[in-house]
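J.: Sharing target-v6.txt, compact mmCIF, N, CA and C atoms:
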```txt
# COMPACT_ATOMS: atom_id res chain seq x y z
N TRP A 232 118.61 129.41 135.90
CA TRP A 232 117.71 130.14 135.02
C TRP A 232 116.84 131.11 135.78
N VAL A 233 116.70 130.90 137.08
CA VAL A 233 115.90 131.81 137.89
C VAL A 233 116.56 133.18 137.92
N ASN A 234 117.90 133.21 138.05
CA ASN A 234 118.60 134.50 138.08
C ASN A 234 118.45 135.24 136.75
N ALA A 235 118.53 134.52 135.65
CA ALA A 235 118.37 135.15 134.35
C ALA A 235 116.97 135.75 134.22
N THR A 236 115.97 135.02 134.70
CA THR A 236 114.59 135.51 134.63
C THR A 236 114.41 136.75 135.50
N SER A 237 114.91 136.69 136.72
CA SER A 237 114.75 137.86 137.61
C SER A 237 115.52 139.05 137.09
N ASN A 238 116.69 138.83 136.49
CA ASN A 238 117.43 139.94 135.90
C ASN A 238 116.66 140.58 134.75
N LEU A 239 116.09 139.76 133.89
CA LEU A 239 115.34 140.30 132.75
C LEU A 239 114.11 141.07 133.20
N VAL A 240 113.46 140.59 134.23
CA VAL A 240 112.30 141.33 134.76
C VAL A 240 112.75 142.68 135.31
N ALA A 241 113.89 142.68 135.99
CA ALA A 241 114.39 143.93 136.57
C ALA A 241 114.92 144.90 135.51
N PHE A 242 115.41 144.37 134.40
CA PHE A 242 116.02 145.21 133.37
C PHE A 242 115.00 145.85 132.42
N CYS A 243 113.74 145.55 132.58
CA CYS A 243 112.72 146.13 131.70
C CYS A 243 112.63 147.63 131.91
N THR A 244 112.26 148.31 130.84
CA THR A 244 112.15 149.76 130.89
C THR A 244 111.06 150.21 131.85
N SER A 245 111.25 151.38 132.38
CA SER A 245 110.24 151.93 133.30
C SER A 245 109.41 153.01 132.61
N LYS A 246 109.57 153.18 131.31
CA LYS A 246 108.80 154.18 130.56
C LYS A 246 107.32 153.82 130.62
N GLN A 247 106.52 154.80 130.96
CA GLN A 247 105.09 154.58 131.17
C GLN A 247 104.39 154.12 129.90
N GLU A 248 104.80 154.61 128.74
CA GLU A 248 104.11 154.26 127.50
C GLU A 248 104.38 152.82 127.06
N LYS A 249 105.36 152.15 127.63
CA LYS A 249 105.68 150.78 127.26
C LYS A 249 105.28 149.75 128.33
N GLN A 250 104.51 150.15 129.31
CA GLN A 250 104.19 149.25 130.42
C GLN A 250 103.36 148.04 130.00
N ASN A 251 102.49 148.20 129.00
CA ASN A 251 101.72 147.04 128.51
C ASN A 251 102.64 146.03 127.82
N GLU A 252 103.60 146.55 127.03
CA GLU A 252 104.57 145.67 126.37
C GLU A 252 105.46 144.98 127.40
N VAL A 253 105.84 145.71 128.45
CA VAL A 253 106.68 145.15 129.52
C VAL A 253 105.93 144.00 130.20
N LYS A 254 104.66 144.23 130.49
CA LYS A 254 103.87 143.19 131.15
C LYS A 254 103.76 141.95 130.26
N ASP A 255 103.51 142.14 128.96
CA ASP A 255 103.43 141.01 128.04
C ASP A 255 104.76 140.26 127.95
N PHE A 256 105.86 141.00 127.89
CA PHE A 256 107.19 140.39 127.85
C PHE A 256 107.45 139.57 129.10
N GLN A 257 107.15 140.14 130.26
CA GLN A 257 107.41 139.45 131.52
C GLN A 257 106.56 138.18 131.66
N LEU A 258 105.30 138.27 131.25
CA LEU A 258 104.43 137.09 131.30
C LEU A 258 104.91 135.99 130.35
N THR A 259 105.26 136.38 129.13
CA THR A 259 105.73 135.40 128.16
C THR A 259 107.05 134.78 128.61
N LEU A 260 107.94 135.61 129.14
CA LEU A 260 109.21 135.11 129.64
C LEU A 260 109.00 134.10 130.76
N THR A 261 108.12 134.41 131.68
CA THR A 261 107.86 133.52 132.80
C THR A 261 107.25 132.21 132.33
N LYS A 262 106.34 132.27 131.37
CA LYS A 262 105.73 131.06 130.83
C LYS A 262 106.76 130.20 130.10
N LEU A 263 107.64 130.84 129.32
CA LEU A 263 108.66 130.10 128.61
C LEU A 263 109.67 129.46 129.57
N MET A 264 110.02 130.19 130.62
CA MET A 264 110.94 129.62 131.61
C MET A 264 110.29 128.44 132.33
N SER A 265 109.00 128.52 132.58
CA SER A 265 108.30 127.41 133.19
C SER A 265 108.32 126.19 132.26
N LEU A 266 108.09 126.41 130.98
CA LEU A 266 108.18 125.33 129.99
C LEU A 266 109.59 124.76 129.92
N LEU A 267 110.59 125.64 130.01
CA LEU A 267 111.98 125.19 129.97
C LEU A 267 112.31 124.29 131.16
N PHE A 268 111.89 124.70 132.35
CA PHE A 268 112.10 123.88 133.53
C PHE A 268 111.41 122.53 133.39
N CYS A 269 110.18 122.55 132.92
CA CYS A 269 109.41 121.32 132.76
C CYS A 269 110.08 120.39 131.74
N ALA A 270 110.47 120.93 130.60
CA ALA A 270 111.12 120.11 129.57
C ALA A 270 112.43 119.53 130.09
N SER A 271 113.17 120.31 130.86
CA SER A 271 114.44 119.83 131.42
C SER A 271 114.21 118.74 132.44
N LEU A 272 113.22 118.92 133.31
CA LEU A 272 112.92 117.89 134.31
C LEU A 272 112.46 116.60 133.64
N CYS A 273 111.65 116.72 132.62
CA CYS A 273 111.19 115.52 131.91
C CYS A 273 112.37 114.78 131.27
N GLU A 274 113.32 115.53 130.75
CA GLU A 274 114.47 114.90 130.10
C GLU A 274 115.39 114.25 131.13
N VAL A 275 115.59 114.89 132.26
CA VAL A 275 116.45 114.32 133.31
C VAL A 275 115.77 113.15 133.98
N ALA A 276 114.46 113.24 134.17
CA ALA A 276 113.72 112.17 134.85
C ALA A 276 113.56 110.94 133.96
N LYS A 277 113.84 111.07 132.69
CA LYS A 277 113.74 109.96 131.74
C LYS A 277 112.35 109.35 131.71
N THR A 278 111.36 110.19 131.68
CA THR A 278 110.00 109.69 131.65
C THR A 278 109.19 110.47 130.62
N GLU A 279 108.35 109.78 129.96
CA GLU A 279 107.49 110.40 128.97
C GLU A 279 106.12 110.72 129.55
N HIS A 280 105.69 109.96 130.55
CA HIS A 280 104.33 110.06 131.03
C HIS A 280 104.20 110.88 132.31
N GLU A 281 105.32 111.25 132.90
CA GLU A 281 105.27 112.07 134.11
C GLU A 281 104.84 113.47 133.73
N SER A 282 103.93 114.03 134.47
CA SER A 282 103.50 115.39 134.17
C SER A 282 103.97 116.31 135.28
N PHE A 283 104.77 117.28 134.90
CA PHE A 283 105.23 118.30 135.82
C PHE A 283 104.37 119.53 135.62
N GLU A 284 104.11 120.22 136.69
CA GLU A 284 103.27 121.41 136.59
C GLU A 284 104.02 122.53 135.90
N ILE A 285 103.29 123.26 135.08
CA ILE A 285 103.83 124.46 134.45
C ILE A 285 102.84 125.58 134.67
N LEU A 286 103.34 126.79 134.47
CA LEU A 286 102.45 127.94 134.59
C LEU A 286 101.47 127.94 133.43
N ASP A 287 100.42 128.68 133.58
CA ASP A 287 99.36 128.77 132.58
C ASP A 287 99.95 129.19 131.23
N ILE A 288 99.76 128.38 130.22
CA ILE A 288 100.30 128.71 128.90
C ILE A 288 99.24 129.31 127.98
N SER A 289 98.11 129.69 128.55
CA SER A 289 97.09 130.32 127.71
C SER A 289 97.64 131.64 127.19
N GLY A 290 97.28 131.96 126.00
CA GLY A 290 97.77 133.19 125.39
C GLY A 290 99.03 132.97 124.56
N MET A 291 99.63 131.80 124.68
CA MET A 291 100.79 131.50 123.85
C MET A 291 100.31 130.99 122.50
N ASP A 292 101.12 131.18 121.51
CA ASP A 292 100.79 130.79 120.15
C ASP A 292 100.54 129.29 120.06
N SER A 293 99.34 128.91 119.64
CA SER A 293 98.98 127.48 119.58
C SER A 293 99.81 126.73 118.54
N ASP A 294 100.16 127.40 117.43
CA ASP A 294 101.00 126.75 116.41
C ASP A 294 102.38 126.43 116.97
N SER A 295 102.93 127.34 117.75
CA SER A 295 104.24 127.12 118.37
C SER A 295 104.19 125.96 119.36
N LEU A 296 103.14 125.92 120.16
CA LEU A 296 102.99 124.83 121.13
C LEU A 296 102.79 123.48 120.43
N ARG A 297 102.06 123.49 119.34
CA ARG A 297 101.85 122.26 118.56
C ARG A 297 103.19 121.81 117.95
N TYR A 298 103.96 122.77 117.44
CA TYR A 298 105.28 122.46 116.89
C TYR A 298 106.17 121.87 117.97
N LEU A 299 106.13 122.45 119.17
CA LEU A 299 106.96 121.99 120.27
C LEU A 299 106.59 120.57 120.70
N SER A 300 105.31 120.27 120.72
CA SER A 300 104.87 118.96 121.19
C SER A 300 105.33 117.83 120.26
N GLY A 301 105.58 118.15 119.02
CA GLY A 301 106.00 117.12 118.06
C GLY A 301 107.49 116.93 117.97
N LYS A 302 108.27 117.65 118.74
CA LYS A 302 109.73 117.59 118.65
C LYS A 302 110.33 116.88 119.86
N GLY A 303 111.49 116.30 119.65
CA GLY A 303 112.19 115.60 120.72
C GLY A 303 113.12 116.50 121.51
N GLN A 304 113.56 117.59 120.92
CA GLN A 304 114.52 118.50 121.56
C GLN A 304 113.80 119.74 122.09
N LYS A 305 112.85 119.53 122.96
CA LYS A 305 112.02 120.64 123.46
C LYS A 305 112.85 121.70 124.18
N ARG A 306 113.81 121.25 124.97
CA ARG A 306 114.60 122.20 125.76
C ARG A 306 115.37 123.16 124.85
N GLU A 307 115.96 122.66 123.79
CA GLU A 307 116.72 123.51 122.87
C GLU A 307 115.81 124.48 122.14
N ILE A 308 114.63 124.03 121.77
CA ILE A 308 113.68 124.90 121.06
C ILE A 308 113.22 126.03 121.97
N ILE A 309 112.85 125.70 123.20
CA ILE A 309 112.38 126.71 124.15
C ILE A 309 113.50 127.70 124.45
N MET A 310 114.73 127.20 124.62
CA MET A 310 115.86 128.09 124.88
C MET A 310 116.07 129.05 123.70
N GLN A 311 115.91 128.56 122.49
CA GLN A 311 116.04 129.42 121.32
C GLN A 311 114.95 130.49 121.30
N TRP A 312 113.72 130.12 121.67
CA TRP A 312 112.63 131.11 121.74
C TRP A 312 112.96 132.19 122.77
N ILE A 313 113.48 131.78 123.92
CA ILE A 313 113.82 132.75 124.96
C ILE A 313 114.93 133.68 124.48
N GLN A 314 115.95 133.12 123.87
CA GLN A 314 117.06 133.94 123.38
C GLN A 314 116.60 134.93 122.31
N GLN A 315 115.75 134.45 121.40
CA GLN A 315 115.24 135.33 120.35
C GLN A 315 114.38 136.44 120.94
N MET A 316 113.59 136.13 121.96
CA MET A 316 112.76 137.13 122.61
C MET A 316 113.62 138.18 123.30
N ILE A 317 114.71 137.76 123.92
CA ILE A 317 115.61 138.71 124.58
C ILE A 317 116.23 139.64 123.55
N VAL A 318 116.71 139.09 122.44
CA VAL A 318 117.33 139.91 121.39
C VAL A 318 116.32 140.89 120.81
N ASP A 319 115.12 140.42 120.49
CA ASP A 319 114.10 141.30 119.91
C ASP A 319 113.73 142.44 120.86
N ASN A 320 113.56 142.12 122.13
CA ASN A 320 113.14 143.14 123.09
C ASN A 320 114.29 144.06 123.50
N THR A 321 115.51 143.62 123.35
CA THR A 321 116.65 144.51 123.57
C THR A 321 116.72 145.53 122.43
N ARG A 322 116.54 145.06 121.21
CA ARG A 322 116.57 145.95 120.05
C ARG A 322 115.43 146.96 120.07
N SER A 323 114.28 146.55 120.57
CA SER A 323 113.12 147.45 120.60
C SER A 323 113.18 148.44 121.76
N GLY A 324 114.13 148.25 122.68
CA GLY A 324 114.26 149.17 123.81
C GLY A 324 113.45 148.77 125.02
N LEU A 325 112.79 147.63 124.95
CA LEU A 325 111.99 147.18 126.08
C LEU A 325 112.89 146.72 127.24
N ILE A 326 114.00 146.08 126.90
CA ILE A 326 115.02 145.75 127.91
C ILE A 326 116.02 146.89 127.85
N ASP A 327 115.98 147.70 128.88
CA ASP A 327 116.72 148.97 128.89
C ASP A 327 117.90 148.88 129.86
N ILE A 328 118.96 148.22 129.39
CA ILE A 328 120.14 148.05 130.23
C ILE A 328 121.36 148.00 129.33
N ALA A 329 122.50 148.39 129.86
CA ALA A 329 123.74 148.40 129.08
C ALA A 329 124.12 146.96 128.69
N PRO A 330 124.65 146.78 127.47
CA PRO A 330 125.01 145.44 127.01
C PRO A 330 125.96 144.66 127.94
N PRO A 331 126.96 145.30 128.55
CA PRO A 331 127.81 144.50 129.45
C PRO A 331 127.04 143.92 130.65
N ILE A 332 126.04 144.63 131.11
CA ILE A 332 125.24 144.13 132.23
C ILE A 332 124.28 143.05 131.73
N LEU A 333 123.73 143.23 130.53
CA LEU A 333 122.84 142.23 129.94
C LEU A 333 123.58 140.92 129.66
N SER A 334 124.89 141.02 129.45
CA SER A 334 125.67 139.80 129.18
C SER A 334 125.58 138.82 130.35
N ARG A 335 125.29 139.33 131.54
CA ARG A 335 125.12 138.45 132.70
C ARG A 335 123.93 137.50 132.49
N VAL A 336 122.90 137.98 131.82
CA VAL A 336 121.74 137.12 131.53
C VAL A 336 122.16 135.97 130.62
N TRP A 337 122.94 136.28 129.58
CA TRP A 337 123.41 135.23 128.67
C TRP A 337 124.28 134.23 129.42
N GLN A 338 125.09 134.75 130.33
CA GLN A 338 125.95 133.87 131.12
C GLN A 338 125.11 132.95 132.01
N GLU A 339 124.08 133.49 132.64
CA GLU A 339 123.22 132.68 133.50
C GLU A 339 122.49 131.61 132.70
N LEU A 340 122.05 131.95 131.50
CA LEU A 340 121.39 130.96 130.66
C LEU A 340 122.34 129.83 130.28
N SER A 341 123.57 130.19 129.92
CA SER A 341 124.53 129.15 129.54
C SER A 341 124.95 128.31 130.75
N ILE A 342 125.07 128.92 131.92
CA ILE A 342 125.40 128.17 133.13
C ILE A 342 124.28 127.16 133.43
N GLY A 343 123.03 127.58 133.21
CA GLY A 343 121.91 126.68 133.41
C GLY A 343 121.98 125.47 132.50
N VAL A 344 122.40 125.68 131.26
CA VAL A 344 122.54 124.56 130.32
C VAL A 344 123.65 123.63 130.78
N VAL A 345 124.75 124.20 131.27
CA VAL A 345 125.86 123.37 131.77
C VAL A 345 125.40 122.54 132.95
N HIS A 346 124.69 123.15 133.89
CA HIS A 346 124.19 122.41 135.05
C HIS A 346 123.19 121.34 134.64
N PHE A 347 122.36 121.64 133.67
CA PHE A 347 121.42 120.64 133.16
C PHE A 347 122.18 119.45 132.58
N ASN A 348 123.21 119.72 131.78
CA ASN A 348 123.98 118.64 131.18
C ASN A 348 124.69 117.80 132.25
N ASN A 349 125.15 118.44 133.31
CA ASN A 349 125.75 117.69 134.42
C ASN A 349 124.72 116.78 135.10
N ALA A 350 123.52 117.29 135.28
CA ALA A 350 122.45 116.48 135.88
C ALA A 350 122.08 115.33 134.95
N ARG A 351 122.07 115.59 133.67
CA ARG A 351 121.73 114.53 132.70
C ARG A 351 122.79 113.43 132.69
N LYS A 352 124.06 113.80 132.90
CA LYS A 352 125.12 112.80 132.97
C LYS A 352 124.89 111.83 134.12
N LEU A 353 124.38 112.35 135.23
CA LEU A 353 124.12 111.48 136.38
C LEU A 353 123.05 110.45 136.09
N THR A 354 122.08 110.82 135.28
CA THR A 354 121.02 109.86 134.95
C THR A 354 121.40 108.96 133.78
N ASP A 355 122.30 109.43 132.91
CA ASP A 355 122.69 108.63 131.75
C ASP A 355 123.70 107.54 132.08
N VAL A 356 124.59 107.80 133.02
CA VAL A 356 125.63 106.84 133.37
C VAL A 356 125.16 106.01 134.56
N PRO A 357 124.92 104.72 134.36
CA PRO A 357 124.43 103.90 135.46
C PRO A 357 125.53 103.63 136.50
N PHE A 358 125.10 103.45 137.72
CA PHE A 358 126.03 103.10 138.80
C PHE A 358 126.54 101.69 138.53
N PRO A 359 127.84 101.45 138.57
CA PRO A 359 128.39 100.13 138.22
C PRO A 359 127.85 99.03 139.15
N PHE A 360 127.28 98.00 138.56
CA PHE A 360 126.68 96.91 139.33
C PHE A 360 127.70 96.19 140.22
N PRO A 361 128.90 95.85 139.72
CA PRO A 361 129.88 95.18 140.61
C PRO A 361 130.26 96.04 141.81
N PHE A 362 130.37 97.33 141.60
CA PHE A 362 130.70 98.22 142.71
C PHE A 362 129.57 98.24 143.74
N ALA A 363 128.33 98.28 143.27
CA ALA A 363 127.18 98.27 144.18
C ALA A 363 127.14 96.98 144.98
N GLN A 364 127.44 95.84 144.34
CA GLN A 364 127.45 94.57 145.04
C GLN A 364 128.56 94.51 146.08
N MET A 365 129.71 95.05 145.75
CA MET A 365 130.83 95.04 146.68
C MET A 365 130.53 95.92 147.89
N VAL A 366 129.93 97.07 147.68
CA VAL A 366 129.55 97.93 148.80
C VAL A 366 128.54 97.22 149.69
N PHE A 367 127.58 96.54 149.10
CA PHE A 367 126.58 95.81 149.88
C PHE A 367 127.23 94.71 150.72
N ILE A 368 128.14 93.96 150.13
CA ILE A 368 128.83 92.89 150.86
C ILE A 368 129.68 93.46 151.99
N MET A 369 130.36 94.54 151.73
CA MET A 369 131.20 95.18 152.76
C MET A 369 130.34 95.70 153.91
N LEU A 370 129.18 96.25 153.60
CA LEU A 370 128.29 96.71 154.66
C LEU A 370 127.82 95.56 155.54
N ILE A 371 127.46 94.46 154.93
CA ILE A 371 127.03 93.29 155.70
C ILE A 371 128.19 92.77 156.54
N PHE A 372 129.37 92.67 155.93
CA PHE A 372 130.55 92.17 156.64
C PHE A 372 130.87 93.03 157.86
N PHE A 373 130.92 94.35 157.66
CA PHE A 373 131.29 95.23 158.76
C PHE A 373 130.15 95.44 159.76
N SER A 374 128.96 95.03 159.39
CA SER A 374 127.85 95.08 160.35
C SER A 374 127.84 93.84 161.23
N CYS A 375 128.25 92.70 160.70
CA CYS A 375 128.17 91.44 161.44
C CYS A 375 129.48 91.07 162.14
N VAL A 376 130.61 91.23 161.51
CA VAL A 376 131.89 90.78 162.06
C VAL A 376 132.32 91.57 163.31
N PRO A 377 132.25 92.87 163.35
CA PRO A 377 132.73 93.59 164.54
C PRO A 377 131.89 93.33 165.79
N LEU A 378 130.63 92.95 165.67
CA LEU A 378 129.79 92.73 166.83
C LEU A 378 130.33 91.65 167.76
N PRO A 379 130.66 90.46 167.27
CA PRO A 379 131.23 89.46 168.18
C PRO A 379 132.59 89.88 168.77
N MET A 380 133.34 90.65 168.02
CA MET A 380 134.65 91.10 168.49
C MET A 380 134.50 92.09 169.65
N ILE A 381 133.44 92.92 169.59
CA ILE A 381 133.22 93.91 170.64
C ILE A 381 132.72 93.22 171.91
N CYS A 382 131.86 92.23 171.76
CA CYS A 382 131.29 91.53 172.92
C CYS A 382 132.33 90.65 173.50
```
Let me see whether you can do it: turn the structure in this file into structure tokens.

T.:
Amino acid sequence: WVNATSNLVAFCTSKQEKQNEVKDFQLTLTKLMSLLFCASLCEVAKTEHESFEILDISGMDSDSLRYLSGKGQKREIIMQWIQQMIVDNTRSGLIDIAPPILSRVWQELSIGVVHFNNARKLTDVPFPFPFAQMVFIMLIFFSCVPLPMIC
């Protein structure tokens, strides 16, 4: 998601009359990406009470943040907000890049979701207990048995 963010920052228009809008877009994008990372880490870490640092969310819509706090699928909601913001700002001309090049941003976002799902699989599927016990026994065996043989 870092590549998608840096691409979007770079793809913003350089027109002088839109610089305030560009700054607002970049700040909002960065804050949303920070929320996305935090929501993803919380989901992978399987913890409700762990607090991960996020960038300052002041200036964001309080109703949206209240809506987000009451939902279980925070990552999907934040991703939808980011996607909608990209579409809106592309249509308004704030993101000033050819569509085939902008498609790389969509690809980076989807790759991030795939990587997140792979990380979530690692936390969802427990390591098999019998296998862990067998590895432990083999380690003890191969630590103790070869020593007398070497001496």

J.: How would you write, as a ChimeraX atom specification, the set of residues in segment 264-332 of chain A that DSSP gives as alpha helix (DSSP H)?

T.: /A:264-276,293-300,305-322,330-332

J.: Choose the residue, out of A:Ser300, A:Gln338, A:Ser289, A:Ser265, that has the smallest atom-to-atom separation from Asn238 of chain A; count only C-alpha atoms.

T.: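 Of the candidates, the smallest distance to Asn238 of chain A is held by A:Gln338.
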
J.: Please, which residues in segment 234-309 of chain A fall within 6 Å of segment 322-334 of chain A when counting all atoms listed in the file, and what is the closest atom pair and distance in Å to one decimal for each, ordered by chain then residue number, as a Markdown table?

T.:
```
| residue | atom | partner | partner_atom | distance |
| --- | --- | --- | --- | --- |
| A:Phe242 | C | A:Asp327 | N | 4.1 |
| A:Cys243 | CA | A:Ile326 | CA | 4.4 |
| A:Thr244 | N | A:Leu325 | C | 4.0 |
```

J.: As an exercise, work out the distance from atom CA of Phe256 of chain A to atom CA of Asn320 of chain A in Å and give it to one decimal place.

T.: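 Atom CA of Asn320 of chain A lies 8.1 Å from atom CA of Phe256 of chain A.
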
J.: If we count all atoms listed in the file and set the cut-off at 7 Å, which residues sit around segment 345-360 of chain A, ignoring sequence neighbours fewer than 4 positions away in its own chain? Please answer as number ranges by chain.

T.: A: 274-275, 340-341, 364-365

J.: One decimal, in Å: what's the spacing between atom CA of Ser271 of chain A and atom CA of Gly290 of chain A?

T.: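 These atoms are spaced 22.2 Å apart.
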
J.: Provide the atom N of Lys302 of chain A to atom C of Ala270 of chain A distance in Å, to one decimal place.

T.: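 Separating atom N of Lys302 of chain A from atom C of Ala270 of chain A is a distance of 12.2 Å.
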
J.: For each of A:Val344, A:Ile309, A:Ile381, A:Val233, take the minimum atom-to-atom distance to Leu266 of chain A, counting all atoms listed in the file, then give the residue where this is smallest.

T.: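 Ranked by minimum distance to Leu266 of chain A, first place goes to A:Ile309.
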